[in-house]
$ cat work_37.cif   # mmCIF, C-alpha atoms
data_work
loop_
_atom_site.label_atom_id
_atom_site.label_comp_id
_atom_site.auth_asym_id
_atom_site.auth_seq_id
_atom_site.Cartn_x
_atom_site.Cartn_y
_atom_site.Cartn_z
CA MET A 228 17.53 84.83 17.52
CA ILE A 229 17.50 86.50 14.11
CA GLU A 230 16.25 83.30 12.47
CA LYS A 231 13.38 83.09 14.96
CA LEU A 232 12.41 86.68 14.21
CA ARG A 233 12.52 85.94 10.48
CA ALA A 234 10.37 82.86 10.94
CA MET A 235 7.84 84.83 12.98
CA TRP A 236 7.78 87.53 10.29
CA ARG A 237 7.24 85.02 7.48
CA ARG A 238 4.34 83.41 9.33
CA ARG A 239 2.43 86.68 9.19
CA SER A 240 -0.01 87.41 6.43
CA ARG A 241 0.70 90.32 4.11
CA VAL A 242 -1.83 92.46 5.95
CA GLY A 243 -0.24 91.39 9.24
CA MET A 244 3.17 92.46 7.92
CA VAL A 245 1.84 95.89 6.96
CA ASP A 246 0.12 96.20 10.33
CA ALA A 247 3.32 95.32 12.20
CA TYR A 248 5.41 97.70 10.07
CA VAL A 249 3.04 100.63 10.64
CA ARG A 250 2.76 99.95 14.36
CA TRP A 251 6.48 99.70 14.96
CA THR A 252 7.05 102.86 12.95
CA LEU A 253 4.68 104.57 15.35
CA TYR A 254 6.41 103.02 18.37
CA VAL A 255 9.72 104.61 17.35
CA ILE A 256 8.36 108.17 17.25
CA PRO A 257 8.31 108.70 21.09
CA TRP A 258 12.07 108.19 21.09
CA LEU A 259 12.53 111.29 18.96
CA PRO A 260 11.87 113.62 21.95
CA VAL A 261 14.47 111.68 23.93
CA PHE A 262 17.35 112.02 21.47
CA GLY A 263 16.21 115.16 19.66
CA GLY A 264 14.79 117.21 22.52
CA VAL A 265 15.79 116.23 26.05
CA VAL A 266 19.24 114.66 25.68
CA PRO A 267 20.72 117.76 23.92
CA LEU A 268 19.39 119.83 26.82
CA VAL A 269 21.85 118.19 29.21
CA GLY A 270 24.75 119.90 27.44
CA LYS A 271 23.05 123.30 27.60
CA THR A 272 22.52 123.47 31.36
CA ALA A 273 24.27 126.04 33.54
CA GLY A 274 26.40 123.28 35.05
CA SER A 275 25.01 123.45 38.56
CA PRO A 276 24.15 120.17 40.30
CA LEU A 277 20.45 121.10 40.42
CA SER A 278 20.21 121.91 36.71
CA VAL A 279 22.09 118.77 35.71
CA THR A 280 19.91 116.66 37.99
CA LEU A 281 16.70 118.15 36.58
CA ALA A 282 17.87 117.55 33.00
CA GLU A 283 18.84 113.95 33.79
CA VAL A 284 15.47 113.36 35.49
CA ALA A 285 13.73 114.66 32.35
CA VAL A 286 15.81 112.30 30.20
CA ALA A 287 15.02 109.29 32.45
CA LEU A 288 11.31 110.07 32.44
CA ASN A 289 11.31 110.36 28.65
CA VAL A 290 13.09 107.02 28.36
CA LEU A 291 10.36 105.43 30.49
CA GLN A 292 7.79 107.13 28.28
CA GLY A 293 9.41 105.64 25.19
CA GLY A 294 9.32 102.14 26.69
CA LEU A 295 5.69 102.60 27.73
CA ALA A 296 4.75 103.70 24.22
CA VAL A 297 4.82 100.14 22.82
CA PRO A 298 1.96 98.67 24.90
CA LEU A 299 0.20 102.06 25.12
CA PHE A 300 0.10 102.72 21.38
CA SER A 301 -0.71 99.09 20.61
CA ARG A 302 -3.80 99.11 22.81
CA ALA A 303 -4.76 102.63 21.75
CA LEU A 304 -4.68 101.52 18.10
CA ASP A 305 -6.76 98.47 18.98
CA ARG A 306 -9.26 100.78 20.63
CA TYR A 307 -9.31 103.05 17.60
CA LEU A 308 -9.91 99.98 15.39
CA ARG A 309 -12.62 98.83 17.84
CA ARG A 310 -10.78 95.68 18.80
CA GLY A 311 -10.36 96.26 22.51
CA PRO A 312 -11.02 98.54 25.48
CA ALA A 313 -9.33 101.85 26.11
CA PRO A 314 -5.96 101.49 27.95
CA LEU A 315 -6.93 103.76 30.81
CA PRO A 316 -4.29 102.52 33.34
CA LEU A 317 -1.50 102.99 30.80
CA MET A 318 -2.85 106.43 29.92
CA LEU A 319 -2.77 107.35 33.59
CA VAL A 320 0.86 106.23 33.91
CA SER A 321 1.78 108.13 30.72
CA GLY A 322 0.03 111.23 32.03
CA VAL A 323 1.93 111.08 35.31
CA LEU A 324 5.27 110.66 33.50
CA THR A 325 4.45 113.55 31.17
CA LEU A 326 3.43 115.82 34.05
CA ALA A 327 6.56 114.95 36.04
CA THR A 328 8.76 115.67 33.02
CA GLU A 329 7.09 119.02 32.40
CA ILE A 330 7.53 120.00 36.05
CA ALA A 331 11.24 119.14 35.86
CA LEU A 332 11.71 121.17 32.67
CA CYS A 333 9.70 124.16 33.94
CA THR A 334 11.70 124.13 37.19
CA LEU A 335 14.88 124.01 35.13
CA MET A 336 13.85 127.13 33.21
CA ALA A 337 12.44 128.93 36.26
CA THR A 338 15.66 128.49 38.28
CA GLY A 339 17.87 129.66 35.43
CA GLY A 340 19.32 126.20 34.91
CA VAL A 341 19.74 126.82 31.20
CA GLY A 342 21.95 129.60 30.02
CA GLY A 343 21.36 131.98 27.15
CA VAL A 344 18.71 132.11 24.49
CA ASP A 345 19.80 128.78 23.01
CA GLY A 346 19.28 127.06 26.34
CA VAL A 347 15.79 128.52 26.78
CA VAL A 348 14.83 127.50 23.23
CA ALA A 349 16.20 123.98 23.85
CA ALA A 350 14.23 123.69 27.10
CA ALA A 351 11.04 124.94 25.44
CA THR A 352 11.54 122.48 22.58
CA ALA A 353 12.06 119.65 25.06
CA ALA A 354 8.92 120.66 26.96
CA GLY A 355 6.85 120.62 23.77
CA SER A 356 8.25 117.33 22.45
CA THR A 357 7.73 115.65 25.82
CA LEU A 358 3.97 116.09 25.37
CA THR A 359 3.83 114.12 22.12
CA PRO A 360 3.74 110.50 23.44
CA PHE A 361 0.76 111.19 25.66
CA LEU A 362 -1.03 113.25 23.00
CA MET A 363 -0.43 110.61 20.32
CA ALA A 364 -2.22 108.01 22.40
CA PHE A 365 -4.88 110.45 23.54
CA CYS A 366 -5.89 111.44 20.00
CA LEU A 367 -6.65 107.79 19.22
CA LEU A 368 -9.04 107.46 22.15
CA VAL A 369 -11.25 110.52 21.71
CA SER A 370 -13.08 112.17 18.85
CA LYS A 371 -11.43 114.85 16.73
CA ARG A 372 -13.72 117.55 18.10
CA LYS A 373 -12.99 116.66 21.71
CA TYR A 374 -9.25 116.43 21.04
CA LEU A 375 -9.10 119.86 19.41
CA ALA A 376 -11.20 121.31 22.23
CA VAL A 377 -8.72 119.96 24.81
CA LEU A 378 -5.78 121.43 22.87
CA THR A 379 -7.45 124.84 22.61
CA GLY A 380 -8.39 124.84 26.28
CA SER A 381 -4.87 123.82 27.34
CA SER A 382 -3.20 126.53 25.28
CA LEU A 383 -5.57 129.23 26.51
CA GLY A 384 -5.20 128.11 30.13
CA LEU A 385 -1.41 128.07 29.86
CA LEU A 386 -1.43 131.51 28.25
CA LEU A 387 -3.56 132.88 31.07
CA LEU A 388 -1.36 131.28 33.71
CA LEU A 389 1.92 132.53 32.23
CA GLY A 390 0.49 135.97 31.53
CA LEU A 391 -0.67 136.44 35.09
CA TRP A 392 2.63 135.11 36.44
CA THR A 393 5.04 137.08 34.24
CA HIS A 394 2.77 139.97 33.14
CA ILE A 395 4.40 139.64 29.74
CA TRP A 396 1.53 138.43 27.63
CA LEU A 397 3.30 138.66 24.30
CA GLY A 398 6.28 136.74 25.63
CA ALA A 399 4.00 134.06 27.12
CA LEU A 400 2.34 133.42 23.77
CA PRO A 401 5.11 131.17 22.30
CA MET A 402 5.20 129.00 25.42
CA ALA A 403 1.41 128.80 25.53
CA SER A 404 1.32 127.65 21.92
CA LEU A 405 3.57 124.65 22.63
CA PRO A 406 0.69 122.29 23.65
CA ALA A 407 -1.26 123.22 20.50
CA MET A 408 1.75 122.72 18.22
CA ALA A 409 2.70 119.41 19.86
CA GLY A 410 -0.93 118.27 19.77
CA LEU A 411 -1.41 119.10 16.11
CA TRP A 412 1.84 117.36 15.20
CA SER A 413 0.81 114.29 17.21
CA PHE A 414 -2.62 114.30 15.61
CA ALA A 415 -1.19 114.61 12.08
CA ILE A 416 1.13 111.65 12.68
CA THR A 417 -1.12 109.29 14.62
CA ARG A 418 -4.70 109.63 13.37
CA PRO A 419 -3.83 109.02 9.68
CA THR A 420 -1.84 105.98 10.79
CA GLY A 421 -4.85 104.58 12.62
CA TRP A 422 -7.09 105.41 9.67
CA LEU A 423 -4.68 103.66 7.28
CA LEU A 424 -4.63 100.51 9.41
CA GLY A 425 -8.42 100.56 9.56
CA VAL A 426 -8.67 100.79 5.77
CA ILE A 427 -6.15 97.96 5.31
CA TRP A 428 -8.02 95.63 7.65
CA LYS A 429 -11.36 96.53 6.07
CA LEU A 430 -9.96 95.76 2.63
CA ASP A 431 -8.66 92.45 3.93
CA ALA A 432 -12.07 91.66 5.42
CA ALA A 433 -13.73 92.66 2.13
CA ARG A 434 -11.39 90.37 0.23
CA SER A 435 -12.20 87.50 2.57
CA THR A 436 -15.90 88.22 2.18
CA GLU A 437 -15.50 88.29 -1.60
CA ALA A 438 -13.75 84.92 -1.50
CA ARG A 439 -16.53 83.43 0.63
CA LEU A 440 -19.17 84.87 -1.69
CA ALA A 441 -17.35 83.39 -4.68
CA VAL A 442 -17.38 79.98 -3.00
CA ALA A 443 -21.06 80.37 -2.15
CA GLU A 444 -21.85 81.43 -5.72
CA GLU A 445 -19.99 78.43 -7.09
CA ARG A 446 -21.94 76.15 -4.76
CA LEU A 447 -25.20 77.71 -5.93
CA ARG A 448 -24.13 77.32 -9.56
CA PHE A 449 -23.23 73.70 -9.04
CA GLY A 450 -26.48 72.95 -7.20
CA ARG A 451 -28.50 74.79 -9.84
CA ASP A 452 -26.79 73.03 -12.74
CA LEU A 453 -27.03 69.64 -11.07
CA HIS A 454 -30.73 70.19 -10.42
CA ASP A 455 -31.37 71.29 -14.01
CA VAL A 456 -29.36 68.43 -15.50
CA MET A 457 -30.64 65.59 -13.34
CA GLY A 458 -34.20 66.78 -12.83
CA ARG A 459 -35.49 66.05 -16.30
CA ASN A 460 -33.33 62.99 -16.84
CA LEU A 461 -34.51 61.33 -13.64
CA ALA A 462 -38.10 62.17 -14.50
CA VAL A 463 -37.67 60.52 -17.93
CA ILE A 464 -35.97 57.49 -16.40
CA ALA A 465 -38.82 57.08 -13.93
CA LEU A 466 -41.41 57.46 -16.70
CA LYS A 467 -39.76 55.00 -19.08
CA SER A 468 -39.06 52.51 -16.29
CA GLU A 469 -42.74 52.54 -15.33
CA LEU A 470 -43.67 52.06 -18.98
CA ALA A 471 -41.20 49.16 -19.29
CA VAL A 472 -42.67 47.50 -16.19
CA GLN A 473 -46.17 47.71 -17.62
CA LEU A 474 -45.04 46.35 -20.99
CA ALA A 475 -43.10 43.53 -19.32
CA ARG A 476 -46.14 42.52 -17.29
CA ARG A 477 -48.12 42.24 -20.51
CA GLY A 478 -45.34 40.24 -22.15
CA ARG A 479 -44.68 42.89 -24.76
CA PRO A 480 -41.22 42.90 -26.42
CA GLU A 481 -41.20 46.73 -26.45
CA ALA A 482 -40.19 46.60 -22.78
CA VAL A 483 -36.63 45.83 -23.86
CA GLU A 484 -36.51 48.93 -26.04
CA GLN A 485 -37.68 51.09 -23.15
CA MET A 486 -35.03 49.71 -20.84
CA VAL A 487 -32.37 50.29 -23.48
CA GLU A 488 -33.55 53.89 -23.63
CA VAL A 489 -33.37 54.10 -19.83
CA GLN A 490 -29.80 52.83 -20.00
CA ARG A 491 -28.91 55.44 -22.63
CA ILE A 492 -30.39 58.27 -20.61
CA ALA A 493 -28.57 57.10 -17.46
CA GLN A 494 -25.26 57.07 -19.35
CA GLU A 495 -26.02 60.51 -20.77
CA SER A 496 -26.75 61.72 -17.24
CA GLN A 497 -23.37 60.49 -16.06
CA ARG A 498 -21.65 62.44 -18.83
CA GLU A 499 -23.63 65.59 -18.09
CA VAL A 500 -22.89 65.38 -14.35
CA ARG A 501 -19.17 65.17 -15.12
CA GLU A 502 -19.47 68.25 -17.33
CA VAL A 503 -21.34 70.11 -14.61
CA VAL A 504 -18.58 69.31 -12.15
CA ARG A 505 -16.04 70.73 -14.59
CA GLY A 506 -18.22 73.80 -15.04
CA TYR A 507 -18.23 73.53 -18.83
CA ARG A 508 -21.77 72.52 -19.62
CA LYS A 509 -23.91 74.86 -21.75
CA ALA A 510 -27.52 74.12 -22.62
CA ASP A 511 -28.20 74.19 -26.38
CA LEU A 512 -31.63 75.66 -27.18
CA GLN A 513 -32.36 73.65 -30.31
CA ALA A 514 -31.17 70.42 -28.70
CA GLU A 515 -33.33 71.09 -25.64
CA LEU A 516 -36.39 71.86 -27.81
CA SER A 517 -35.91 68.64 -29.77
CA GLY A 518 -35.36 66.69 -26.56
CA ALA A 519 -38.46 68.19 -24.95
CA ARG A 520 -40.62 67.32 -27.95
CA SER A 521 -39.31 63.75 -28.06
CA ILE A 522 -39.69 63.18 -24.33
CA LEU A 523 -43.16 64.69 -24.07
CA ARG A 524 -44.43 62.78 -27.10
CA ALA A 525 -43.05 59.57 -25.62
CA ALA A 526 -45.12 60.37 -22.52
CA GLY A 527 -48.23 60.76 -24.65
CA VAL A 528 -48.21 64.57 -24.67
CA ASP A 529 -49.00 66.53 -27.82
CA CYS A 530 -46.02 68.94 -27.91
CA ARG A 531 -45.94 71.87 -30.33
CA ILE A 532 -42.98 74.16 -30.81
CA GLU A 533 -43.46 77.49 -32.54
CA GLY A 534 -41.04 80.35 -32.78
CA GLU A 535 -38.38 82.44 -34.44
CA GLU A 536 -36.45 79.59 -35.97
CA GLY A 537 -34.28 81.82 -38.17
CA THR A 538 -33.22 84.17 -35.37
CA ARG A 539 -29.60 83.98 -34.28
CA LEU A 540 -29.17 84.45 -30.55
CA PRO A 541 -26.01 85.04 -28.51
CA PRO A 542 -24.63 81.88 -26.87
CA GLU A 543 -25.44 83.05 -23.33
CA MET A 544 -29.05 83.77 -24.30
CA GLU A 545 -29.44 80.42 -26.06
CA SER A 546 -28.01 78.67 -23.03
CA ALA A 547 -30.42 80.45 -20.66
CA LEU A 548 -33.44 79.63 -22.85
CA GLY A 549 -32.24 76.04 -23.14
CA TRP A 550 -32.31 75.74 -19.35
CA VAL A 551 -35.81 77.23 -19.35
CA VAL A 552 -37.03 74.56 -21.76
CA ARG A 553 -35.35 71.82 -19.75
CA GLU A 554 -36.81 72.96 -16.41
CA GLY A 555 -40.24 73.56 -17.95
CA THR A 556 -40.25 70.04 -19.41
CA THR A 557 -39.27 68.61 -16.04
CA ASN A 558 -42.15 70.43 -14.36
CA VAL A 559 -44.62 69.17 -16.97
CA LEU A 560 -43.56 65.56 -16.45
CA ARG A 561 -43.59 65.78 -12.66
CA HIS A 562 -46.45 68.04 -11.71
CA ALA A 563 -48.97 67.90 -14.55
CA THR A 564 -50.28 64.38 -14.00
CA ASP A 565 -53.12 64.64 -16.54
CA VAL A 566 -51.23 66.62 -19.16
CA ARG A 567 -52.33 66.14 -22.76
CA ARG A 568 -51.03 69.24 -24.55
CA CYS A 569 -47.94 71.39 -24.25
CA ALA A 570 -46.85 74.32 -26.41
CA VAL A 571 -43.55 76.21 -26.52
CA ARG A 572 -43.76 79.54 -28.33
CA THR A 573 -40.99 82.03 -29.00
CA HIS A 574 -41.38 85.43 -30.60
CA ILE A 575 -39.73 88.85 -30.60
CA ASP A 576 -41.72 91.90 -29.63
CA PRO A 577 -40.22 94.65 -31.86
CA GLU A 578 -41.87 97.48 -29.93
CA ARG A 579 -40.22 96.52 -26.64
CA SER A 580 -37.14 94.82 -28.20
CA VAL A 581 -37.85 91.79 -26.06
CA LEU A 582 -37.73 88.10 -26.85
CA VAL A 583 -40.67 86.32 -25.25
CA MET A 584 -40.80 82.56 -24.66
CA THR A 585 -43.91 80.94 -23.24
CA MET A 586 -44.44 77.34 -22.25
CA GLU A 587 -48.04 76.31 -21.62
CA ASN A 588 -49.47 72.97 -20.58
CA ASP A 589 -52.71 71.59 -19.24
CA GLY A 590 -53.37 68.83 -16.71
CA VAL A 591 -52.30 70.71 -13.58
CA THR A 592 -54.05 69.16 -10.59
CA ASP A 593 -51.89 70.66 -7.82
CA PRO A 594 -51.43 74.42 -8.38
CA ALA A 595 -49.11 74.75 -5.40
CA ALA A 596 -46.53 72.37 -6.91
CA ALA A 597 -46.90 73.33 -10.55
CA GLY A 598 -43.92 75.60 -10.83
CA THR A 599 -41.60 74.56 -8.08
CA GLY A 600 -39.16 72.06 -9.57
CA SER A 601 -37.93 69.01 -7.70
CA LEU A 602 -37.26 70.99 -4.56
CA PRO A 603 -39.61 73.69 -3.28
CA GLY A 604 -38.71 76.81 -5.21
CA SER A 605 -35.36 75.50 -6.47
CA GLY A 606 -36.21 75.06 -10.16
CA LEU A 607 -37.68 78.43 -11.05
CA LYS A 608 -35.39 80.17 -8.59
CA GLY A 609 -32.40 78.72 -10.42
CA LEU A 610 -33.83 79.92 -13.75
CA ARG A 611 -34.27 83.44 -12.40
CA GLU A 612 -30.65 83.41 -11.26
CA ARG A 613 -29.60 82.46 -14.80
CA LEU A 614 -31.76 85.12 -16.43
CA HIS A 615 -30.90 87.97 -14.08
CA PRO A 616 -27.40 88.72 -15.51
CA LEU A 617 -28.99 89.00 -18.98
CA GLY A 618 -31.67 91.41 -17.76
CA GLY A 619 -34.37 88.76 -18.19
CA THR A 620 -37.47 88.07 -16.15
CA LEU A 621 -39.50 84.94 -15.46
CA THR A 622 -43.13 84.69 -14.43
CA SER A 623 -45.27 81.62 -13.91
CA GLY A 624 -48.75 80.74 -12.79
CA LEU A 625 -52.14 79.32 -13.70
CA ILE A 626 -53.93 81.00 -16.63
CA THR A 627 -57.11 78.91 -16.59
CA LYS A 628 -58.31 75.99 -14.55
CA GLY A 629 -55.78 73.22 -14.95
CA SER A 630 -53.53 75.19 -17.34
CA PHE A 631 -50.13 76.54 -16.44
CA ARG A 632 -47.95 79.10 -18.24
CA LEU A 633 -44.24 79.82 -17.86
CA THR A 634 -43.14 83.13 -19.45
CA VAL A 635 -39.61 84.37 -19.99
CA GLU A 636 -38.68 87.79 -21.36
CA LEU A 637 -35.16 88.69 -22.45
CA PRO A 638 -34.05 92.05 -23.89
CA VAL A 639 -32.64 91.44 -27.36
CA GLY A 640 -31.30 94.92 -28.05
CA ALA A 641 -28.64 94.73 -25.33
CA ALA A 642 -27.71 91.24 -26.41
CA GLY A 643 -26.88 92.31 -29.90
CA VAL A 644 -29.59 90.27 -31.67
#

$ encode --input "work_37.cif" --output "structure tokens"
Amino acid sequence: MIEKLRAMWRRRSRVGMVDAYVRWTLYVIPWLPVFGGVVPLVGKTAGSPLSVTLAEVAVALNVLQGGLAVPLFSRALDRYLRRGPAPLPLMLVSGVLTLATEIALCTLMATGGVGGVDGVVAAATAAGSTLTPFLMAFCLLVSKRKYLAVLTGSSLGLLLLLGLWTHIWLGALPMASLPAMAGLWSFAITRPTGWLLGVIWKLDAARSTEARLAVAEERLRFGRDLHDVMGRNLAVIALKSELAVQLARRGRPEAVEQMVEVQRIAQESQREVREVVRGYRKADLQAELSGARSILRAAGVDCRIEGEEGTRLPPEMESALGWVVREGTTNVLRHATDVRRCAVRTHIDPERSVLVMTMENDGVTDPAAAGTGSLPGSGLKGLRERLHPLGGTLTSGLITKGSFRLTVELPVGAAGV
């Protein structure tokens, strides 16, 4: 039996263990009135059969209340955490048990079944503690304002009733304060417990959400890197393959050189894809600029590169700009069918402390597709995601008929340039 309980405990998550520990701690509290309030009262009765019977009835009713507390508190906590309906039938049963116990204890005091001041104090203590199981569940089901209003109304009503019955208003005050004291004690024990469980479960949900977001971010990173790596390479392969086909049809020996270049680029693509999968790949700005110039010139495009060649940039900034050059080159090859000129310019604006890179090309025949990348919106969207952590911005669009400009701005002051 113990091994089964241990196995069940180990199968719980850490949050589930904390939840179970807090709940069962709360389930034990209703037994305190039984052993600390009502059971000692049995030894303080006057000894008559009626007083002993009333005390034993109060004990039995409190025992039932303690057993009922497990399902009652469990469902009340679920209601407080908004995981289930209010346990109204159980609350009704608990209310009936509480009322019956209070009637037995009040009858015991009214008939003189407890002797001396100690007996009266013990009976009053038992009457107050008997209220706690019901009030503990009740405070989880209603708002704080409504709960305090019920406590205040109960105490005032009891004070009025006892005052009119005994005509000793000052003596009725301690008895009338019992519901308020028991209610405040129940509230102080139970509501923070429910609040604590709510915080724990929210933190667990937040951690799960964070884990899912991390997975989603990694998927976006992988898709973005794969797009940026393969986009240009596939465009170059397609271009050189078409050139090789044309040369082969004319019987030109240069076709072999073009196919060798296609083979080299395909092998390079395999290596880069493996690096993307490992998450290690970083784009090198100078390598990307040289590659863009070589590829565009091979496609018959006059490519000019101007910029701050002596400026040292942080690695993360160089990597981001390298991806910009790579994606911009891919767009030129794919979407500018009549391109003849392309210029990449980089300069630092000292007044704004901003590095500005522009990439301009002509030959745009389809403005809608000019800046989209291989998938609608995926290329430039991926670049913006790369630039955002660095505080950079990216804009793109037609500047004149048939000419397209891609502009990137990165703050250099924050980067330590």

$ residues_near_point --input "work_37.cif" --point "(18.4, 110.4, 31.0)" --cutoff "12 Å" --atoms "all atoms listed in the file" --output "list in words"
Trp258, Pro260, Val261, Phe262, Gly264, Val265, Val266, Pro267, Leu268, Val269, Gly270, Val279, Thr280, Leu281, Ala282, Glu283, Val284, Ala285, Val286, Ala287, Leu288, Asn289, Val290, Leu291, Gln292, Gly293 and Thr328 of chain A

$ atom_distance --input "work_37.cif" --atom1 "CA of Gly346 in chain A" --atom2 "CA of Thr272 in chain A"
7.0 Å

$ resolve_selection --input "work_37.cif" --expression "the PyMOL selection byres ((chain A and resi 629-640) around 6)" --output "PyMOL selection string"
chain A and resi 580-591+619-628+641-644

$ atom_distance --input "work_37.cif" --atom1 "CA of Glu488 in chain A" --atom2 "CA of Ala525 in chain A"
11.2 Å

$ residues_around --input "work_37.cif" --residues "Ile416 in chain A" --least-positions-apart "5" --cutoff "9 Å" --atoms "only C-alpha atoms" --output "ChimeraX atom specification"
/A:253,363,411

$ closest_residue --input "work_37.cif" --among "A:Leu304, A:Leu466, A:Ala331, A:Leu617" --to "Pro419 in chain A" --atoms "all atoms listed in the file"
A:Leu304

$ resolve_selection --input "work_37.cif" --expression "the PyMOL selection byres ((chain A and resi 422-424) around 12)" --output "count of residues only"
32

$ resolve_selection --input "work_37.cif" --expression "the PyMOL selection byres ((chain A and resi 409) around 9)" --output "JSON, numbers by chain"
{"A": [355, 356, 357, 358, 359, 362, 404, 405, 406, 407, 408, 410, 411, 412, 413, 414]}

$ atom_distance --input "work_37.cif" --atom1 "CA of Ser278 in chain A" --atom2 "CA of Gly340 in chain A"
4.7 Å

$ decode --input "work_37.cif" --residues "range 514-520 of chain A" --atoms "all heavy atoms" --output "PDB file, in the first residue's frame"
ATOM      1  N   ALA A 514      32.253  38.780 -46.770  1.00  0.00           N
ATOM      2  CA  ALA A 514      32.097  37.613 -47.643  1.00  0.00           C
ATOM      3  C   ALA A 514      30.810  37.712 -48.456  1.00  0.00           C
ATOM      4  O   ALA A 514      30.791  37.367 -49.650  1.00  0.00           O
ATOM      5  CB  ALA A 514      32.109  36.338 -46.815  1.00  0.00           C
ATOM      6  N   GLU A 515      29.744  38.204 -47.830  1.00  0.00           N
ATOM      7  CA  GLU A 515      28.480  38.343 -48.548  1.00  0.00           C
ATOM      8  C   GLU A 515      28.565  39.432 -49.622  1.00  0.00           C
ATOM      9  O   GLU A 515      28.002  39.285 -50.715  1.00  0.00           O
ATOM     10  CB  GLU A 515      27.358  38.668 -47.564  1.00  0.00           C
ATOM     11  CG  GLU A 515      27.043  37.566 -46.572  1.00  0.00           C
ATOM     12  CD  GLU A 515      26.541  36.298 -47.240  1.00  0.00           C
ATOM     13  OE1 GLU A 515      25.994  36.388 -48.363  1.00  0.00           O
ATOM     14  OE2 GLU A 515      26.704  35.213 -46.658  1.00  0.00           O
ATOM     15  N   LEU A 516      29.272  40.530 -49.322  1.00  0.00           N
ATOM     16  CA  LEU A 516      29.440  41.581 -50.332  1.00  0.00           C
ATOM     17  C   LEU A 516      30.235  41.071 -51.525  1.00  0.00           C
ATOM     18  O   LEU A 516      29.876  41.320 -52.686  1.00  0.00           O
ATOM     19  CB  LEU A 516      30.130  42.797 -49.706  1.00  0.00           C
ATOM     20  CG  LEU A 516      29.291  43.626 -48.731  1.00  0.00           C
ATOM     21  CD1 LEU A 516      30.157  44.679 -48.046  1.00  0.00           C
ATOM     22  CD2 LEU A 516      28.126  44.297 -49.451  1.00  0.00           C
ATOM     23  N   SER A 517      31.313  40.349 -51.240  1.00  0.00           N
ATOM     24  CA  SER A 517      32.109  39.784 -52.342  1.00  0.00           C
ATOM     25  C   SER A 517      31.301  38.770 -53.136  1.00  0.00           C
ATOM     26  O   SER A 517      31.351  38.742 -54.381  1.00  0.00           O
ATOM     27  CB  SER A 517      33.375  39.122 -51.775  1.00  0.00           C
ATOM     28  OG  SER A 517      34.172  40.058 -51.092  1.00  0.00           O
ATOM     29  N   GLY A 518      30.541  37.923 -52.411  1.00  0.00           N
ATOM     30  CA  GLY A 518      29.718  36.945 -53.110  1.00  0.00           C
ATOM     31  C   GLY A 518      28.639  37.589 -53.952  1.00  0.00           C
ATOM     32  O   GLY A 518      28.369  37.153 -55.084  1.00  0.00           O
ATOM     33  N   ALA A 519      28.023  38.658 -53.431  1.00  0.00           N
ATOM     34  CA  ALA A 519      26.985  39.356 -54.192  1.00  0.00           C
ATOM     35  C   ALA A 519      27.558  39.971 -55.457  1.00  0.00           C
ATOM     36  O   ALA A 519      26.967  39.882 -56.541  1.00  0.00           O
ATOM     37  CB  ALA A 519      26.345  40.434 -53.315  1.00  0.00           C
ATOM     38  N   ARG A 520      28.731  40.606 -55.337  1.00  0.00           N
ATOM     39  CA  ARG A 520      29.350  41.211 -56.525  1.00  0.00           C
ATOM     40  C   ARG A 520      29.697  40.154 -57.559  1.00  0.00           C
ATOM     41  O   ARG A 520      29.441  40.337 -58.760  1.00  0.00           O
ATOM     42  CB  ARG A 520      30.610  41.975 -56.100  1.00  0.00           C
ATOM     43  CG  ARG A 520      31.356  42.591 -57.287  1.00  0.00           C
ATOM     44  CD  ARG A 520      32.323  43.654 -56.826  1.00  0.00           C
ATOM     45  NE  ARG A 520      32.995  43.275 -55.584  1.00  0.00           N
ATOM     46  CZ  ARG A 520      33.591  44.160 -54.778  1.00  0.00           C
ATOM     47  NH1 ARG A 520      33.571  45.441 -55.089  1.00  0.00           N
ATOM     48  NH2 ARG A 520      34.193  43.749 -53.689  1.00  0.00           N
TER      49      ARG A 520
END
